[in-house]
Amino acid sequence: MSHHGRLRTRPGAVARSVAFLAAGVLVVPLLAGCGSEDEAGKPLAGPDIAPAGREQVADGGTLRWAVDDVPETLNTFQSDADAVTNRVAQAVLPSMYRLDANGRPQRNSAYLESAKVVQTEPKQVVLYKIAQQAVWSDGREIGAADFAAQWRALSGKDTAYWTARNAGYDRIEKIERGANDLEVKVTFARPYADWQSLFSPLYPKDVMGTPDSFNDGARRTLKVTAGPFAVKAVDHKNNQVSLVRNPRWWGQPAKLSEIDLKAVPLDRRPAALADGEVDLAEIDPSGAQRIAPAAGAKGSAALPGPQARSAAAKALPADAEGLSGFEVRKSLEPVYTQLALNGSEGPLADERVRRAVARALDRKALAEAVLKPLGLPGVPVGSHLALSGQAAYADNSGALGGQDTGEAEALLADAGWVRGGPVKEEKKKQKGEKAAGPKGRKADESEGGDDGTYIVGEDDNGDSKSGHDKDPKDHSKKDEKAKGGGTHLADGKYAGRQPVHGGAPGAYAPKGTAAPADAATAMLAKDGKPLTLRFVLPSGPGSQALRTVADRISAMLQRVGIGTRITKVSDDSYFKDHIASGEFDLALYSWPASAFPATDARPIYAKPVPAADGSLDVEQNYTRIGTDQVDHLFDQAAATLDTDENLSLIRKADSRIWAAAGSIPLYQRPQLTAVAKNLVNAGSFGFQTPVYEDMGFLKKGAKPSASAKSGG
């Protein structure tokens with residue numbers, strides 16, 4: 001579900017590729033320490049992995065793990081890296097830190113004895129002490145030469161390296177050997193608070209040493225590795241990546257003899273599970289409802305609420321016998337879904353209208369609609385830059401304010417929008433077009449998975465006062481440069497369609513039409529134009545959650561007189577032709593929570609700036625809304641080595657982002673994983689970095705820990 005392209009990077013500007021995008025992989029750690037634990041709180045849901053001690057896990061076996069795709073590259077620093085790229089890197093390459101269940105970094109003792117700032121004046125110096133046994137699979141010690149090669153490749157100074165990101169590496173002045181071969185001394189030209197994010201993963205100098213080896217050498221294979229597993233093969237013909245035990249691994253030996261990452265489409269995963277093709281697969285709620293009753297669900301596999309009771313009441317699915325050996329393990333991904341408001345043009349260029357949209361939303365109701373039926377906490381996200389449990393988290397939504405219909409209406413009135421005001425006549429409805437009525441009738445059915453356009457805002461008997469959307473689809477936007485890098489997430493992974501649209505009069509009335517008698521239910525207009533916003537959604541398998549949320553948002557906006565024109569487009573064109581191109585007013589997509597927001601979140605919220613070629617460089621800020629103040633706060637935070645001050649600056653930046661009302665965080669994404677009942681230390685990981693060497697199948701007669709929820 002990631003969306004990539006060749007990027008023109010600006011040093012420090014492109015967020016890290018954590019594109020799994022479905023799996024919530026985070027490969028970078030957080031700053032140690034937190035001065036405001038009360039504000040950070042605890043994760044809303046911990047890992048659900050059936051934890052078991054290594055002594056209970058059998059030696060050997062192959063884990064067949066369903067993933068989205070076979071990766072185009074195994075180099076996580078390239079623009080077409082994806083979720084599986086990161087998953088492979090976690091299993092086969094060094095990572096100086098990994099995240100615990102609270103989203104906090106923990107030194108990875110397999111690679112690091114210590115790492116600390118040993119000098120701040122006149123320059124910041126960090127000293128890494130490498131674990132004595134740490135070696136590459138070719139027998140060479142991990143050392144300064146590898147650190148230096150990675151710095152040179154990612155510094156941005158040599159454009160022959162096709163890098164997707166270089167944030168942090170561009171601040172390094174030099175890297176040298178310390179007192180011995182196990183010490184690496186890194187000197188920074190400028191202070192860098194997020195230094196712990198660097199060298200995770202760390203590639204061998206064989207990959208990073210030359211542009212050719214960087215650009216092409218690690219795309220289809222990794223000959224030299226240093227993790228509990230090594231790459232056996234990347235098989236595009238059979239859609240599989242095979243990892244095997246690394247015989248030179250010095251840590252706790254891997255329990256599994258092999259991990260096969262098999263590309264299986266989301267909508268086919270329940271069948272693949274039932275047919276015995278895979279042992280572990282992320283699934284959508286409909287898949288979970290098939291597995292829970294088939295498994296005689298209890299504990300972590302149960303999905304409480306009306307949906308579960310309804311599913312249990314029905315006959316078991318035809319493949320119930322095949323699914324009976326699985327259970328559903330559930331958590332929350334370290335990813336949040338947001339409502340994005342494009343402020344580059346149209347009504348949403350007015351901050352008052354954006355704030356009105358935000359004040360019309362009941363974010364708690366939206367979170368509950370998605371999460372409560374799954375037995376997960378329906379708590380709205382209060383920060384753009386961290387999630388509950390992470391050190392930088394604080395609920396800063398008060399900078400914008402909660403749901404308040406009166407305040408939303410006042411803001412719209414102040415911006416000049418009038419209930420039931422006259423509108424100029426739009427073009428006549430074309431023959432064969434069907435307008436969307438209160439029951440959500442389809443307006444159009446087009447090729448490529450586009451389920452058409454729905455106009456929300458009509459009279460109750462279905463008489464449309466809104467012409468069907470036939471705007472030209474010119475999505476080129478050649479005057480803008482949007483940068484991907486794989487970090488943005490479309491939530492298009494929940495299958496099904498459920499268009500539910502109601503109506504109120506006055507969306508497109510003929511010129512001079514008087515306001516309806518009940519002006520309180522009329523739509524807003526100004527200068528002869530109705531306040532109708534383009535709401536773009538992906539249409540493919542996996543879009544159920546987004547569609548449900550979009551329907552509810554449309555109904556909330558309609559109450560304050562804002563109409564929405566919901567257009568569903570194919571998943572392939574969703575980001576490329578609409579989000580990145582700015583062809584939308586409202587959109588739903590997700591961002592991963594970063595362990596280092598000062599570095600990784602900056603390009604998402606940076607103020608767009610003119611590029612050298614005259615275009616507008618929006619980086620990953622697809623809302624096109626930014627301020628100098630937010631940029632300054634990010635810059636200050638990145639250069640502040642004091643942990644408490646760094647967190648304070650991050651929270652201030654978040655407050656200012658809330659106030660600008662370009663992005664409205666809604667909820668953390670659910671993470672549902674179907675897992676063979678005897679597979680332990682695997683499932684829905686939440687924040688926690690998987691420990692690949694501990695995964696495996698239970699010994700005969702052994703049982704996992706009493707609680708399937710692990711605190712890490």
# chains A, B, ... in the order shown; residues from 1 in each chain; ligands from 1
$ residues_around --residues "Pro191 (chain A)" --least-positions-apart "2" --cutoff "7 Å" --atoms "only C-alpha atoms" --output "number ranges by chain"
A: 124, 188-189, 193, 639
$ residues_around --residues "region 530-538 of chain A" --least-positions-apart "5" --cutoff "7 Å" --atoms "only C-alpha atoms" --output "JSON, numbers by chain"
{"A": [423, 492, 507, 508, 524, 525, 543, 562, 563, 564, 565, 566, 567, 568, 569, 570, 571, 574, 584, 585, 586, 587, 588]}
$ write_last_selection --atoms "C-alpha atoms" --output "PDB file, in the first residue's frame"
ATOM      1  CA  VAL A 423     -26.133  29.482  -6.159  1.00  0.00           C
ATOM      2  CA  GLY A 492      -7.174   0.746   1.819  1.00  0.00           C
ATOM      3  CA  ALA A 507     -26.322  21.751  -2.804  1.00  0.00           C
ATOM      4  CA  TYR A 508     -26.672  22.994  -6.379  1.00  0.00           C
ATOM      5  CA  LEU A 524     -24.055  26.876   2.680  1.00  0.00           C
ATOM      6  CA  ALA A 525     -23.317  29.115  -0.281  1.00  0.00           C
ATOM      7  CA  SER A 543     -11.343   0.347   1.971  1.00  0.00           C
ATOM      8  CA  ILE A 562     -21.097  21.669   4.318  1.00  0.00           C
ATOM      9  CA  GLY A 563     -21.724  19.335   1.399  1.00  0.00           C
ATOM     10  CA  THR A 564     -19.320  16.633   0.279  1.00  0.00           C
ATOM     11  CA  ARG A 565     -18.771  15.084  -3.126  1.00  0.00           C
ATOM     12  CA  ILE A 566     -17.383  11.622  -2.411  1.00  0.00           C
ATOM     13  CA  THR A 567     -15.345  10.219  -5.273  1.00  0.00           C
ATOM     14  CA  LYS A 568     -13.850   6.743  -5.151  1.00  0.00           C
ATOM     15  CA  VAL A 569     -10.789   6.091  -7.269  1.00  0.00           C
ATOM     16  CA  SER A 570      -8.577   3.100  -7.876  1.00  0.00           C
ATOM     17  CA  ASP A 571      -5.941   2.373  -5.257  1.00  0.00           C
ATOM     18  CA  TYR A 574      -5.177   7.408  -5.100  1.00  0.00           C
ATOM     19  CA  PHE A 584      -8.779  16.711  -3.436  1.00  0.00           C
ATOM     20  CA  ASP A 585     -10.342  18.831  -0.721  1.00  0.00           C
ATOM     21  CA  LEU A 586     -10.737  16.101   1.889  1.00  0.00           C
ATOM     22  CA  ALA A 587      -8.963  12.737   2.061  1.00  0.00           C
ATOM     23  CA  LEU A 588      -8.295   9.961   4.535  1.00  0.00           C
TER      24      LEU A 588
END
$ closest_residue --among "A:Gly168, A:Gly61, A:Gly528, A:Gly421" --to "Asp600 (chain A)" --atoms "only C-alpha atoms"
A:Gly168
$ closest_residue --among "A:Ala254, A:Leu93, A:Ala661, A:Leu641" --to "Val125 (chain A)" --atoms "only C-alpha atoms"
A:Leu641
$ closest_residue --among "A:Tyr622, A:Tyr692, A:Trp658, A:Phe596" --to "Pro105 (chain A)" --atoms "only C-alpha atoms"
A:Phe596
$ closest_residue --among "A:Asp170, A:Asp138, A:Glu333, A:Asp362" --to "Arg669 (chain A)" --atoms "only C-alpha atoms"
A:Glu333
$ decode --residues "region 231-377 of chain A" --atoms "C-alpha atoms" --output "mmCIF file, in the first residue's frame"
data_model
loop_
_atom_site.group_PDB
_atom_site.id
_atom_site.type_symbol
_atom_site.label_atom_id
_atom_site.label_comp_id
_atom_site.auth_asym_id
_atom_site.auth_seq_id
_atom_site.Cartn_x
_atom_site.Cartn_y
_atom_site.Cartn_z
ATOM 1 C CA VAL A 231 18.637 -13.977 2.872
ATOM 2 C CA LYS A 232 18.313 -17.298 1.066
ATOM 3 C CA ALA A 233 16.430 -16.098 -2.003
ATOM 4 C CA VAL A 234 14.168 -13.390 -3.398
ATOM 5 C CA ASP A 235 11.890 -15.285 -5.758
ATOM 6 C CA HIS A 236 9.729 -12.967 -7.848
ATOM 7 C CA LYS A 237 8.428 -15.862 -9.935
ATOM 8 C CA ASN A 238 6.929 -17.607 -6.903
ATOM 9 C CA ASN A 239 6.258 -14.355 -4.987
ATOM 10 C CA GLN A 240 8.356 -15.264 -1.983
ATOM 11 C CA VAL A 241 11.355 -14.101 0.052
ATOM 12 C CA SER A 242 13.103 -16.885 1.981
ATOM 13 C CA LEU A 243 15.199 -16.252 5.081
ATOM 14 C CA VAL A 244 17.287 -18.938 6.771
ATOM 15 C CA ARG A 245 19.258 -19.146 10.002
ATOM 16 C CA ASN A 246 22.544 -17.278 9.913
ATOM 17 C CA PRO A 247 25.258 -19.764 10.967
ATOM 18 C CA ARG A 248 27.516 -16.910 12.060
ATOM 19 C CA TRP A 249 24.904 -15.316 14.358
ATOM 20 C CA TRP A 250 26.452 -14.867 17.799
ATOM 21 C CA GLY A 251 23.287 -14.139 19.769
ATOM 22 C CA GLN A 252 20.521 -16.461 20.912
ATOM 23 C CA PRO A 253 20.113 -18.885 18.004
ATOM 24 C CA ALA A 254 16.956 -18.545 15.947
ATOM 25 C CA LYS A 255 14.316 -21.104 16.878
ATOM 26 C CA LEU A 256 12.916 -21.261 13.345
ATOM 27 C CA SER A 257 15.044 -22.766 10.628
ATOM 28 C CA GLU A 258 13.361 -20.666 7.919
ATOM 29 C CA ILE A 259 10.940 -17.755 7.432
ATOM 30 C CA ASP A 260 9.156 -17.541 4.091
ATOM 31 C CA LEU A 261 7.558 -14.174 3.359
ATOM 32 C CA LYS A 262 4.835 -15.010 0.840
ATOM 33 C CA ALA A 263 2.985 -12.352 -1.170
ATOM 34 C CA VAL A 264 -0.747 -12.931 -0.637
ATOM 35 C CA PRO A 265 -3.410 -10.312 -1.467
ATOM 36 C CA LEU A 266 -5.406 -9.157 1.549
ATOM 37 C CA ASP A 267 -8.718 -10.476 0.274
ATOM 38 C CA ARG A 268 -7.249 -13.955 -0.348
ATOM 39 C CA ARG A 269 -5.567 -14.412 3.014
ATOM 40 C CA PRO A 270 -8.424 -16.216 4.846
ATOM 41 C CA ALA A 271 -8.496 -18.764 2.026
ATOM 42 C CA ALA A 272 -4.701 -19.091 2.116
ATOM 43 C CA LEU A 273 -4.878 -19.739 5.853
ATOM 44 C CA ALA A 274 -7.635 -22.314 5.436
ATOM 45 C CA ASP A 275 -5.702 -24.065 2.659
ATOM 46 C CA GLY A 276 -2.591 -24.349 4.831
ATOM 47 C CA GLU A 277 -0.496 -22.027 2.669
ATOM 48 C CA VAL A 278 0.480 -19.573 5.436
ATOM 49 C CA ASP A 279 0.782 -19.593 9.227
ATOM 50 C CA LEU A 280 0.570 -15.865 9.928
ATOM 51 C CA ALA A 281 -1.244 -13.078 8.099
ATOM 52 C CA GLU A 282 -2.529 -9.616 8.832
ATOM 53 C CA ILE A 283 -6.221 -9.583 7.998
ATOM 54 C CA ASP A 284 -9.147 -7.181 7.871
ATOM 55 C CA PRO A 285 -12.195 -7.256 10.183
ATOM 56 C CA SER A 286 -14.224 -9.383 7.779
ATOM 57 C CA GLY A 287 -11.448 -11.971 7.744
ATOM 58 C CA ALA A 288 -11.311 -11.882 11.529
ATOM 59 C CA GLN A 289 -15.040 -12.572 11.686
ATOM 60 C CA ARG A 290 -14.534 -15.701 9.590
ATOM 61 C CA ILE A 291 -11.749 -16.992 11.791
ATOM 62 C CA ALA A 292 -13.155 -16.225 15.261
ATOM 63 C CA PRO A 293 -16.226 -18.526 15.132
ATOM 64 C CA ALA A 294 -14.324 -21.192 13.196
ATOM 65 C CA ALA A 295 -11.718 -21.285 15.944
ATOM 66 C CA GLY A 296 -14.275 -21.436 18.754
ATOM 67 C CA ALA A 297 -12.851 -18.040 19.610
ATOM 68 C CA LYS A 298 -11.931 -17.046 23.100
ATOM 69 C CA GLY A 299 -9.394 -14.760 24.683
ATOM 70 C CA SER A 300 -7.487 -12.639 22.226
ATOM 71 C CA ALA A 301 -9.250 -14.224 19.269
ATOM 72 C CA ALA A 302 -12.706 -13.032 20.287
ATOM 73 C CA LEU A 303 -14.201 -9.979 18.646
ATOM 74 C CA PRO A 304 -16.812 -8.635 21.083
ATOM 75 C CA GLY A 305 -19.832 -6.562 20.252
ATOM 76 C CA PRO A 306 -22.772 -6.814 17.859
ATOM 77 C CA GLN A 307 -20.648 -7.851 14.903
ATOM 78 C CA ALA A 308 -19.228 -10.827 16.783
ATOM 79 C CA ARG A 309 -22.612 -11.936 18.074
ATOM 80 C CA SER A 310 -24.088 -11.667 14.602
ATOM 81 C CA ALA A 311 -21.218 -13.635 13.083
ATOM 82 C CA ALA A 312 -21.431 -16.328 15.740
ATOM 83 C CA ALA A 313 -25.140 -16.701 15.102
ATOM 84 C CA LYS A 314 -24.562 -17.534 11.464
ATOM 85 C CA ALA A 315 -23.503 -20.899 10.097
ATOM 86 C CA LEU A 316 -19.783 -21.507 10.184
ATOM 87 C CA PRO A 317 -17.961 -20.648 6.949
ATOM 88 C CA ALA A 318 -17.320 -23.406 4.443
ATOM 89 C CA ASP A 319 -13.621 -23.350 5.292
ATOM 90 C CA ALA A 320 -14.218 -23.457 9.062
ATOM 91 C CA GLU A 321 -12.285 -26.685 9.493
ATOM 92 C CA GLY A 322 -9.217 -25.219 7.828
ATOM 93 C CA LEU A 323 -9.461 -22.052 9.912
ATOM 94 C CA SER A 324 -9.998 -23.826 13.235
ATOM 95 C CA GLY A 325 -6.273 -23.969 13.912
ATOM 96 C CA PHE A 326 -5.908 -20.183 13.895
ATOM 97 C CA GLU A 327 -6.716 -17.356 16.263
ATOM 98 C CA VAL A 328 -6.886 -13.604 15.864
ATOM 99 C CA ARG A 329 -4.320 -11.574 17.784
ATOM 100 C CA LYS A 330 -5.111 -7.891 17.894
ATOM 101 C CA SER A 331 -3.458 -4.639 18.825
ATOM 102 C CA LEU A 332 -3.134 -1.115 17.448
ATOM 103 C CA GLU A 333 -0.594 -0.289 14.769
ATOM 104 C CA PRO A 334 1.858 2.546 15.526
ATOM 105 C CA VAL A 335 0.007 4.399 12.771
ATOM 106 C CA TYR A 336 -2.790 6.972 12.886
ATOM 107 C CA THR A 337 -5.485 7.781 10.357
ATOM 108 C CA GLN A 338 -6.162 11.447 9.704
ATOM 109 C CA LEU A 339 -8.548 13.636 7.785
ATOM 110 C CA ALA A 340 -6.390 15.737 5.456
ATOM 111 C CA LEU A 341 -7.650 19.146 4.309
ATOM 112 C CA ASN A 342 -6.063 20.574 1.175
ATOM 113 C CA GLY A 343 -5.477 24.243 1.928
ATOM 114 C CA SER A 344 -3.861 25.197 -1.368
ATOM 115 C CA GLU A 345 -7.026 26.459 -3.050
ATOM 116 C CA GLY A 346 -10.803 26.610 -2.827
ATOM 117 C CA PRO A 347 -12.842 27.040 0.359
ATOM 118 C CA LEU A 348 -10.253 25.263 2.523
ATOM 119 C CA ALA A 349 -7.625 27.898 1.736
ATOM 120 C CA ASP A 350 -9.520 29.895 4.385
ATOM 121 C CA GLU A 351 -8.356 28.816 7.834
ATOM 122 C CA ARG A 352 -11.790 29.601 9.251
ATOM 123 C CA VAL A 353 -13.396 26.998 6.992
ATOM 124 C CA ARG A 354 -10.755 24.407 7.905
ATOM 125 C CA ARG A 355 -11.312 25.070 11.578
ATOM 126 C CA ALA A 356 -15.062 24.802 11.065
ATOM 127 C CA VAL A 357 -14.619 21.388 9.437
ATOM 128 C CA ALA A 358 -12.547 20.260 12.414
ATOM 129 C CA ARG A 359 -15.020 21.637 14.970
ATOM 130 C CA ALA A 360 -17.875 19.819 13.219
ATOM 131 C CA LEU A 361 -16.225 16.425 13.774
ATOM 132 C CA ASP A 362 -16.879 14.152 16.719
ATOM 133 C CA ARG A 363 -13.499 12.442 16.704
ATOM 134 C CA LYS A 364 -14.366 10.134 19.588
ATOM 135 C CA ALA A 365 -17.421 8.831 17.742
ATOM 136 C CA LEU A 366 -15.289 8.171 14.661
ATOM 137 C CA ALA A 367 -12.649 6.298 16.663
ATOM 138 C CA GLU A 368 -15.285 4.227 18.415
ATOM 139 C CA ALA A 369 -17.001 3.353 15.135
ATOM 140 C CA VAL A 370 -13.789 1.764 13.833
ATOM 141 C CA LEU A 371 -12.249 0.283 16.975
ATOM 142 C CA LYS A 372 -14.935 -0.659 19.499
ATOM 143 C CA PRO A 373 -16.516 -3.408 17.363
ATOM 144 C CA LEU A 374 -13.061 -5.019 17.327
ATOM 145 C CA GLY A 375 -12.700 -4.893 21.103
ATOM 146 C CA LEU A 376 -10.038 -2.190 20.875
ATOM 147 C CA PRO A 377 -10.067 1.128 22.763
#
